[in-house]
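Visitor: I am sharing protein-v5.txt, which consists of compact mmCIF, C-alpha atoms:
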```
# COMPACT_ATOMS: atom_id res chain seq x y z
CA MET A 1 111.92 112.12 103.49
CA ALA A 2 109.08 113.09 101.21
CA PRO A 3 109.07 111.07 97.99
CA LEU A 4 109.70 114.15 95.83
CA GLU A 5 112.82 114.99 97.89
CA ASP A 6 114.17 111.49 97.39
CA PRO A 7 117.20 111.76 95.06
CA ASP A 8 116.59 108.22 93.78
CA SER A 9 113.06 109.16 92.74
CA VAL A 10 114.54 112.07 90.82
CA LEU A 11 116.93 109.65 89.10
CA MET A 12 114.03 107.36 88.25
CA LEU A 13 112.13 110.27 86.69
CA ARG A 14 115.19 110.80 84.49
CA VAL A 15 115.06 107.12 83.54
CA LYS A 16 111.42 107.72 82.59
CA ARG A 17 112.65 110.37 80.16
CA GLY A 18 115.09 107.88 78.64
CA ASP A 19 118.25 108.64 80.63
CA MET A 20 120.21 105.38 80.66
CA GLY A 21 122.97 106.95 82.76
CA ALA A 22 120.46 107.56 85.56
CA PHE A 23 119.38 103.92 85.36
CA GLU A 24 122.99 102.79 85.61
CA GLU A 25 123.44 104.93 88.73
CA LEU A 26 120.42 103.31 90.35
CA VAL A 27 121.63 99.82 89.49
CA ASP A 28 125.07 100.55 90.89
CA LYS A 29 123.62 101.93 94.10
CA TYR A 30 121.12 99.15 94.77
CA LYS A 31 122.69 96.02 93.27
CA GLN A 32 124.37 95.03 96.54
CA PRO A 33 121.31 95.30 98.81
CA VAL A 34 119.03 93.65 96.23
CA VAL A 35 121.44 90.77 95.60
CA ASN A 36 121.97 90.43 99.37
CA LEU A 37 118.22 90.16 99.89
CA MET A 38 117.83 87.56 97.15
CA PHE A 39 120.83 85.61 98.43
CA ARG A 40 119.34 85.43 101.93
CA MET A 41 116.14 84.06 100.40
CA VAL A 42 117.40 81.56 97.82
CA HIS A 43 120.90 80.68 99.17
CA ASP A 44 122.46 80.50 95.71
CA LEU A 45 124.50 83.40 94.38
CA ASP A 46 123.88 82.76 90.68
CA GLU A 47 120.14 82.56 91.21
CA ALA A 48 120.26 85.59 93.49
CA GLU A 49 121.96 87.60 90.75
CA ASP A 50 119.49 86.37 88.13
CA LEU A 51 116.58 87.40 90.33
CA ALA A 52 118.20 90.75 91.07
CA GLN A 53 118.73 91.29 87.34
CA ASN A 54 115.04 90.57 86.74
CA VAL A 55 114.15 93.12 89.41
CA PHE A 56 116.11 95.86 87.67
CA VAL A 57 114.80 94.92 84.23
CA ARG A 58 111.26 95.08 85.65
CA VAL A 59 112.09 98.54 87.05
CA TYR A 60 113.31 99.66 83.63
CA ARG A 61 110.26 98.20 81.89
CA SER A 62 107.98 100.12 84.30
CA ALA A 63 109.83 103.42 83.89
CA SER A 64 107.28 104.88 81.47
CA ARG A 65 104.51 104.40 84.06
CA TYR A 66 106.59 105.51 87.08
CA GLU A 67 104.90 108.00 89.43
CA VAL A 68 106.49 109.32 92.61
CA SER A 69 104.12 108.04 95.29
CA ALA A 70 106.73 106.59 97.66
CA LYS A 71 110.47 106.47 98.07
CA PHE A 72 112.21 104.74 95.18
CA SER A 73 113.78 102.16 97.51
CA THR A 74 110.35 101.15 98.82
CA TRP A 75 109.08 100.63 95.28
CA LEU A 76 112.23 98.74 94.32
CA PHE A 77 112.03 96.36 97.27
CA THR A 78 108.31 95.82 96.66
CA ILE A 79 109.19 94.55 93.18
CA ALA A 80 112.03 92.49 94.69
CA ARG A 81 109.68 90.97 97.27
CA ARG A 82 107.12 89.95 94.62
CA LEU A 83 109.69 88.40 92.29
CA CYS A 84 111.41 86.63 95.16
CA LEU A 85 108.22 85.10 96.57
CA ASN A 86 107.06 84.10 93.07
CA GLU A 87 110.34 82.29 92.52
CA ILE A 88 110.24 80.54 95.90
CA ARG A 89 106.68 79.38 95.26
CA ARG A 90 107.54 78.30 91.73
CA ARG A 91 110.42 76.23 93.11
CA GLY A 92 108.05 74.73 95.60
CA ARG A 93 105.84 73.53 92.70
CA HIS A 94 108.75 72.46 90.40
CA PRO A 95 111.76 71.63 92.57
CA ALA A 96 113.78 70.08 89.69
CA GLU A 97 113.73 73.19 87.51
CA SER A 98 116.21 75.98 88.05
CA LEU A 99 115.95 79.60 87.05
CA ASP A 100 118.04 80.46 84.02
CA THR A 101 117.57 84.06 82.98
CA SER A 102 121.20 84.94 82.65
CA GLY A 103 121.02 84.98 78.85
CA VAL A 104 121.00 88.30 77.09
CA GLU A 105 118.91 88.26 73.94
CA ILE A 106 120.26 90.56 71.28
CA GLU A 107 118.78 90.67 67.77
CA GLY A 108 117.05 87.33 68.29
CA GLU A 109 120.24 85.47 69.19
CA ARG A 110 120.83 84.24 72.67
CA GLN A 111 124.24 85.23 74.05
CA VAL A 112 125.00 83.94 77.48
CA ARG A 113 126.95 86.27 79.76
CA GLN A 114 128.34 88.41 76.96
CA TYR A 115 130.29 90.49 79.44
CA GLU A 116 133.06 88.66 81.25
CA ASP A 117 133.38 88.73 84.99
CA VAL A 118 136.88 90.14 85.55
CA LYS A 119 136.87 89.73 89.32
CA ALA A 120 136.96 86.26 90.80
CA PHE A 121 134.19 85.40 93.24
CA SER A 122 135.38 84.62 96.78
CA PRO A 123 133.09 82.45 98.85
CA PRO A 124 130.98 84.12 101.51
CA GLU A 125 132.53 81.82 104.16
CA ALA A 126 135.40 84.31 104.26
CA PHE A 127 134.22 85.81 107.53
CA LEU A 128 132.79 82.90 109.44
CA GLN A 129 133.59 79.29 110.05
CA GLY A 130 131.78 77.19 107.46
CA GLU A 131 129.81 75.32 110.07
CA LEU A 132 128.49 78.46 111.75
CA GLU A 133 127.41 80.09 108.54
CA GLU A 134 125.77 76.83 107.46
CA LYS A 135 123.81 76.78 110.72
CA ILE A 136 122.68 80.37 110.29
CA GLN A 137 121.62 79.69 106.69
CA GLN A 138 119.71 76.58 107.77
CA ALA A 139 118.01 78.52 110.54
CA LEU A 140 117.03 81.27 108.09
CA ALA A 141 115.84 78.73 105.51
CA ALA A 142 113.60 77.11 108.13
CA LEU A 143 111.72 80.36 108.69
CA PRO A 144 108.41 80.92 106.90
CA GLU A 145 109.09 82.96 103.75
CA LYS A 146 107.50 86.18 105.00
CA GLN A 147 109.47 86.10 108.26
CA ARG A 148 112.63 85.40 106.30
CA LEU A 149 111.93 88.33 103.99
CA ALA A 150 111.13 90.62 106.92
CA ILE A 151 114.32 89.82 108.77
CA ALA A 152 116.42 90.09 105.57
CA MET A 153 114.92 93.51 104.79
CA CYS A 154 115.41 94.57 108.39
CA ARG A 155 119.15 94.27 107.87
CA GLN A 156 118.97 96.73 104.94
CA GLU A 157 119.82 100.05 106.49
CA GLU A 158 118.25 101.91 103.56
CA LEU A 159 114.78 100.94 104.74
CA SER A 160 112.84 102.22 107.75
CA TYR A 161 110.19 100.03 109.38
CA GLU A 162 107.50 101.98 107.53
CA GLU A 163 109.23 101.31 104.21
CA ILE A 164 109.73 97.62 105.02
CA ALA A 165 106.03 97.37 105.91
CA GLU A 166 105.06 98.98 102.60
CA ALA A 167 107.38 96.69 100.64
CA LEU A 168 105.96 93.65 102.46
CA GLY A 169 102.42 94.85 101.97
CA CYS A 170 101.46 94.83 105.65
CA SER A 171 101.23 97.20 108.63
CA VAL A 172 104.21 98.39 110.67
CA SER A 173 103.05 96.47 113.74
CA ALA A 174 102.60 93.29 111.66
CA THR A 175 106.10 93.79 110.23
CA LYS A 176 107.65 94.18 113.68
CA SER A 177 105.74 91.13 114.83
CA LEU A 178 107.11 89.12 111.89
CA ILE A 179 110.65 90.22 112.72
CA HIS A 180 110.20 89.50 116.43
CA ARG A 181 108.90 85.97 115.72
CA ALA A 182 111.69 85.35 113.24
CA ARG A 183 114.27 86.45 115.80
CA GLU A 184 112.78 84.25 118.50
CA ALA A 185 112.94 81.26 116.14
CA LEU A 186 116.55 82.06 115.23
CA LYS A 187 117.53 82.46 118.88
CA GLU A 188 116.07 79.04 119.61
CA LYS A 189 117.79 77.34 116.68
CA LEU A 190 121.13 79.06 117.26
CA LYS A 191 121.09 78.81 121.06
CA PRO A 192 124.40 76.91 121.39
CA TYR A 193 126.20 79.55 119.35
CA LEU A 194 124.59 82.47 121.19
CA GLN A 195 125.41 81.02 124.58
CA SER A 196 128.92 79.85 124.00
CA GLY A 197 130.11 82.83 121.95
CA ALA A 198 132.75 80.33 120.79
CA TRP A 199 132.47 81.60 117.23
CA GLU A 200 133.54 85.07 118.43
CA THR A 201 136.58 83.62 120.19
CA LYS A 202 137.59 81.72 117.06
CA ARG A 203 136.97 84.73 114.82
CA ASN A 204 139.07 86.99 117.02
CA SER A 205 141.92 84.50 117.45
CA MET B 206 114.30 105.07 130.14
CA ARG B 207 110.69 103.90 130.13
CA ASP B 208 109.43 100.52 128.95
CA GLU B 209 108.30 101.91 125.60
CA ASP B 210 111.72 103.55 125.13
CA PHE B 211 113.34 100.20 125.89
CA LYS B 212 111.13 98.54 123.26
CA LYS B 213 111.99 101.27 120.74
CA ALA B 214 115.71 100.84 121.44
CA GLU B 215 115.35 97.09 121.06
CA GLU B 216 113.66 97.52 117.65
CA THR B 217 116.38 99.99 116.63
CA SER B 218 119.06 97.44 117.56
CA TRP B 219 117.44 94.95 115.15
CA ARG B 220 118.34 97.27 112.28
CA ARG B 221 121.61 98.87 113.32
CA ARG B 222 124.07 99.15 116.18
CA LEU B 223 123.04 101.49 118.96
CA THR B 224 124.96 104.72 119.30
CA ALA B 225 127.09 105.33 122.39
CA ALA B 226 124.36 107.49 123.92
CA GLU B 227 121.69 104.84 123.24
CA LYS B 228 123.94 102.13 124.75
CA GLU B 229 124.43 104.21 127.90
CA GLU B 230 120.67 104.69 128.28
CA MET B 231 120.18 100.98 127.84
CA ARG B 232 122.87 100.21 130.43
CA LEU B 233 121.13 102.41 132.99
CA PHE B 234 117.73 100.84 132.21
CA LEU B 235 119.10 97.31 132.60
CA ALA B 236 120.83 98.22 135.85
CA ALA B 237 117.39 99.10 137.22
CA ARG B 238 115.75 96.08 135.53
CA PRO B 239 118.12 93.14 135.87
CA GLU B 240 115.37 90.70 134.80
CA ALA B 241 115.52 92.19 131.31
CA ALA B 242 119.32 91.93 131.09
CA GLU B 243 119.53 88.25 130.13
CA GLU B 244 117.03 88.63 127.30
CA TRP B 245 118.83 91.75 126.09
CA GLU B 246 122.14 89.86 126.05
CA ARG B 247 120.63 87.10 123.89
CA ASP B 248 119.17 89.71 121.57
CA GLU B 249 122.53 91.43 121.24
CA ALA B 250 124.29 88.11 120.66
CA LEU B 251 121.90 87.39 117.78
CA ASN B 252 122.47 90.89 116.39
CA ARG B 253 126.24 90.32 116.41
CA LEU B 254 125.79 86.94 114.75
CA LEU B 255 123.60 88.34 111.98
CA GLU B 256 125.99 91.26 111.49
CA GLN B 257 128.76 88.83 110.71
CA MET B 258 126.87 87.28 107.82
CA PRO B 259 128.92 88.39 104.85
CA ALA B 260 127.39 90.35 102.04
CA ALA B 261 126.85 88.43 98.81
CA GLN B 262 129.69 88.97 96.37
CA VAL B 263 128.10 90.67 93.36
CA SER B 264 129.75 89.97 90.00
CA SER B 265 131.79 92.83 88.58
CA ASN B 266 129.82 92.61 85.31
CA PHE B 267 126.40 92.70 87.00
CA THR B 268 125.57 96.29 86.03
CA ALA B 269 126.71 95.70 82.45
CA ARG B 270 124.46 92.64 82.19
CA VAL B 271 121.48 94.55 83.57
CA LEU B 272 122.00 97.42 81.12
CA ALA B 273 122.31 94.97 78.22
CA ALA B 274 119.10 93.23 79.27
CA ALA B 275 117.32 96.59 79.58
CA ARG B 276 118.49 97.69 76.11
CA SER B 277 117.37 94.36 74.71
CA GLU B 278 113.90 94.94 76.22
CA GLU B 279 113.80 98.36 74.61
CA THR B 280 114.78 96.97 71.19
CA LYS B 281 112.11 94.29 71.47
CA ALA B 282 109.46 96.86 72.40
CA VAL B 283 110.38 99.15 69.48
CA ARG B 284 110.32 96.18 67.10
CA GLU B 285 106.85 95.18 68.28
CA GLU B 286 105.65 98.75 67.99
CA THR B 287 106.75 99.16 64.36
CA THR B 288 105.77 95.72 63.07
CA ALA B 289 102.40 95.43 64.75
CA PRO B 290 99.43 95.95 62.39
CA TRP B 291 98.17 99.54 62.39
CA PHE B 292 94.98 98.65 64.19
CA TYR B 293 96.94 97.33 67.18
CA ARG B 294 98.51 100.75 67.55
CA ASN B 295 95.36 102.94 67.46
CA TRP B 296 92.74 102.79 70.19
CA TRP B 297 89.89 104.02 67.97
CA ALA B 298 90.63 101.32 65.40
CA ARG B 299 90.51 98.67 68.11
CA LEU B 300 87.27 100.14 69.47
CA THR B 301 85.68 100.15 66.01
CA ALA B 302 86.81 96.57 65.37
CA GLY B 303 85.39 95.48 68.70
CA ALA B 304 82.05 97.22 68.06
CA ALA B 305 81.86 95.65 64.58
CA MET B 306 82.45 92.19 66.03
CA VAL B 307 79.69 92.76 68.61
CA CYS B 308 77.25 93.83 65.85
CA VAL B 309 78.13 90.86 63.66
CA GLY B 310 77.66 88.58 66.63
CA PHE B 311 74.31 90.14 67.49
CA PHE B 312 72.87 89.92 63.98
CA SER B 313 74.19 86.40 63.51
CA PHE B 314 72.42 85.35 66.66
CA ARG B 315 69.19 86.99 65.51
CA GLU B 316 69.37 85.15 62.16
CA TYR B 317 70.04 81.88 63.92
CA ALA B 318 67.14 82.42 66.34
CA ALA B 319 64.75 83.22 63.46
CA ALA B 320 65.87 80.14 61.52
CA HIS B 321 65.49 78.01 64.62
CA ARG B 322 61.95 79.28 65.23
CA ALA B 323 61.00 78.59 61.59
CA ARG B 324 62.37 75.06 61.87
CA GLU B 325 60.44 74.47 65.06
CA ALA B 326 57.22 75.75 63.45
CA GLN B 327 57.63 73.31 60.55
CA GLU B 328 58.17 70.44 62.93
CA VAL B 329 55.01 71.33 64.84
CA VAL B 330 53.00 71.38 61.61
CA ALA B 331 54.38 67.97 60.58
CA ALA B 332 53.64 66.51 63.98
CA SER B 333 50.13 67.92 64.00
CA ARG B 334 49.34 66.05 60.76
CA LEU B 335 50.55 62.78 62.21
CA ALA B 336 48.66 63.31 65.38
CA ALA B 337 45.27 63.82 63.64
CA LEU B 338 42.34 62.33 65.60
CA PRO B 339 40.74 59.09 64.37
CA PRO B 340 37.15 59.17 62.94
CA MET B 341 34.35 59.21 65.58
CA GLU B 342 32.99 55.77 64.43
CA TRP B 343 36.18 54.11 65.65
CA LEU B 344 35.49 55.38 69.17
CA ASN B 345 32.10 53.65 69.32
CA ASP B 346 33.75 50.25 69.87
CA PHE B 347 36.61 51.68 71.92
CA ASP B 348 35.66 49.99 75.23
CA THR B 349 35.16 46.65 73.52
CA ILE B 350 38.45 46.78 71.76
CA GLN B 351 40.21 47.76 74.99
CA ARG B 352 38.90 44.61 76.71
CA LEU B 353 40.19 42.36 73.94
CA ASP B 354 43.70 42.10 75.36
CA LYS B 355 42.31 40.81 78.62
CA VAL B 356 40.67 37.83 76.94
CA LYS B 357 42.63 34.61 77.38
CA VAL B 358 40.44 32.30 75.29
CA ALA B 359 38.37 33.09 72.26
CA ASP B 360 35.15 34.73 73.23
CA ASP B 361 32.74 33.54 70.62
CA ASP B 362 29.93 35.78 71.85
CA LEU B 363 32.14 38.84 71.58
CA LEU B 364 33.33 37.84 68.15
CA SER B 365 29.77 37.40 66.95
CA VAL B 366 28.87 40.90 68.24
CA LEU B 367 31.75 42.37 66.36
CA GLU B 368 30.79 40.66 63.17
```
Is it possible to give me this structure as structure tokens?
Guide:
Amino acid sequence: MAPLEDPDSVLMLRVKRGDMGAFEELVDKYKQPVVNLMFRMVHDLDEAEDLAQNVFVRVYRSASRYEVSAKFSTWLFTIARRLCLNEIRRRGRHPAESLDTSGVEIEGERQVRQYEDVKAFSPPEAFLQGELEEKIQQALAALPEKQRLAIAMCRQEELSYEEIAEALGCSVSATKSLIHRAREALKEKLKPYLQSGAWETKRNS
Amino acid sequence: MRDEDFKKAEETSWRRRLTAAEKEEMRLFLAARPEAAEEWERDEALNRLLEQMPAAQVSSNFTARVLAAARSEETKAVREETTAPWFYRNWWARLTAGAAMVCVGFFSFREYAAAHRAREAQEVVAASRLAALPPMEWLNDFDTIQRLDKVKVADDDLLSVLE
């Protein structure tokens, strides 16, 4: 799809003209995939949401300079990739600190989570046994950050391989190589679960 | 299905489930290439495992928080725009201020260099007075005087010559 035919790019051009409704539409459409991506990378839902919020705020801040040179989703996930890697590297340098950007600053006063969450959060273990999910998370966490990002983005159906490559800042063949290596590593680490298929039996029982 | 088609199907399966038609093509390919079947099964098993990873549960107030943060950014930007001194808002004013600072810097340096040269010249003049050569008569006995420090005992003959 050519960038100018991309409906999300059209929405973003409306945001550039000050249309807050268009921005809200974009946030609603992409909050799940962006939070998913961040969650796969940082393994903490609160931090994933904070990072995702920063991504969208960055998008809004850049609206005045927005030019349609690629699909909106590619641009969005490029910003997400940069913020995510910055945060992971920052944590690597300062492991004791945690990200706390959930405050909303209004008129100089800091109000934390002004809007109440009306829906209770149910743990992601809903679908899988806790042990299996833990193993998968550990296996993902053990991957080098770029492989982890590549495989997380690969699961986003909105993105083609070309778009993933652009968001990662590398070639399509390098992207596929990253994903292939990540998958080989995961297959090795999760071998007992792949072979036995026991988790499928338990899930279906 | 050729090898490159198999590879393409494999890469497609990493992103989404194969369609019924794609699965049938794969089945026929693997029937002809049983050595690839085991690896394909492991690949598919991993795909099914990753598919089961649940999506993160996004808070119901997420969009509202993002919009509030965005509006807050806008308010902050407008505040900075209206309270910033006028010369921060106009490019020509900033350019003029920058050029003025460069000129002031240049002329200050020139003044400093001139003062430094004048100071150096004065120091050379003062040093040249101190370093004035001794009268020629003093040099007549120069060799004799130089040998004096090598004399361990009083040299009466030398002393009488000097008298």
Visitor: Distance cut-off 8 Å, counting only C-alpha atoms - which residues of chain B neighbour chain A? Return them as a PyMOL selection string.
Guide: chain B and resi 216+219-221+247-248+250-251+254+257-275+277-278
Visitor: Which polymer residues have any atom within 10 Å of an atom of Glu227 (chain B), counting only C-alpha atoms, with same-chain residues fewer than 3 positions away left out, as a PyMOL selection string?
Guide: chain B and resi 211+214+217-218+222-224+230-232
Visitor: Determine, counting all atoms listed in the file, which protein, DNA and RNA residues have an atom within 7 Å of an atom of Phe77 (chain A); residues of the same chain fewer than 4 positions away are not included. Present the result as a list in words.
Guide: Ser73, Arg81 and Ala167 of chain A
Visitor: Quick check, in Å to one decimal: how far apart do CA of Arg148 (chain A) and CA of Ala182 (chain A) lie?
Guide: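 It comes out at 7.0 Å.
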Visitor: Could you list, as a list in words, every residue within 10 Å of Glu87 (chain A), counting all atoms listed in the file and ignoring same-chain residues fewer than 4 positions away?
Guide: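 Counting only the stated atoms, we get Met41, Val42, Glu47, Leu51, Arg81, Arg82, Leu83, Arg91, Gly92, Arg93, Ser98 and Leu99 of chain A.
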Visitor: Write the residues of the selection above to a file with C-alpha atoms, as an mmCIF file, in the frame of the given file.
Guide:
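And here's out36.cif as it stands now:
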```
data_model
loop_
_atom_site.group_PDB
_atom_site.id
_atom_site.type_symbol
_atom_site.label_atom_id
_atom_site.label_comp_id
_atom_site.auth_asym_id
_atom_site.auth_seq_id
_atom_site.Cartn_x
_atom_site.Cartn_y
_atom_site.Cartn_z
ATOM 1 C CA MET A 41 116.140 84.060 100.400
ATOM 2 C CA VAL A 42 117.400 81.560 97.820
ATOM 3 C CA GLU A 47 120.140 82.560 91.210
ATOM 4 C CA LEU A 51 116.580 87.400 90.330
ATOM 5 C CA ARG A 81 109.680 90.970 97.270
ATOM 6 C CA ARG A 82 107.120 89.950 94.620
ATOM 7 C CA LEU A 83 109.690 88.400 92.290
ATOM 8 C CA ARG A 91 110.420 76.230 93.110
ATOM 9 C CA GLY A 92 108.050 74.730 95.600
ATOM 10 C CA ARG A 93 105.840 73.530 92.700
ATOM 11 C CA SER A 98 116.210 75.980 88.050
ATOM 12 C CA LEU A 99 115.950 79.600 87.050
#
```
Visitor: May I have the protein, DNA and RNA residues with an atom at most 12 Å from (102.6, 96.8, 116.1), counting all atoms listed in the file in the file's coordinates, returned as a PyMOL selection string?
Guide: (chain A and resi 161-162+165+170-180) or (chain B and resi 212-213+216)
Visitor: Since we have the selection now, will you write its residues out, keeping C-alpha atoms, as a compact mmCIF listing (two decimals), in the coordinates of the input?
Guide:
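In the end it all went to out-v7.txt:
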```
# COMPACT_ATOMS: atom_id res chain seq x y z
CA TYR A 161 110.19 100.03 109.38
CA GLU A 162 107.50 101.98 107.53
CA ALA A 165 106.03 97.37 105.91
CA CYS A 170 101.46 94.83 105.65
CA SER A 171 101.23 97.20 108.63
CA VAL A 172 104.21 98.39 110.67
CA SER A 173 103.05 96.47 113.74
CA ALA A 174 102.60 93.29 111.66
CA THR A 175 106.10 93.79 110.23
CA LYS A 176 107.65 94.18 113.68
CA SER A 177 105.74 91.13 114.83
CA LEU A 178 107.11 89.12 111.89
CA ILE A 179 110.65 90.22 112.72
CA HIS A 180 110.20 89.50 116.43
CA LYS B 212 111.13 98.54 123.26
CA LYS B 213 111.99 101.27 120.74
CA GLU B 216 113.66 97.52 117.65
```
Visitor: Report the distance between CA of Ala139 (chain A) and CA of Glu249 (chain B) in Å, rounded to one decimal place.
Guide: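 About the pair CA of Ala139 (chain A) and CA of Glu249 (chain B): they are 17.4 Å apart.
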Visitor: Hey, can you check how far CA of Phe72 (chain A) sits from CA of Val10 (chain A)?
Guide: 8.8 Å
Visitor: Counting only C-alpha atoms, which of A:Lys71, A:Lys146, A:Arg65, A:Arg89 gets nearest to Pro7 (chain A)?
Guide: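 For Pro7 (chain A), the nearest of the candidates is A:Lys71.
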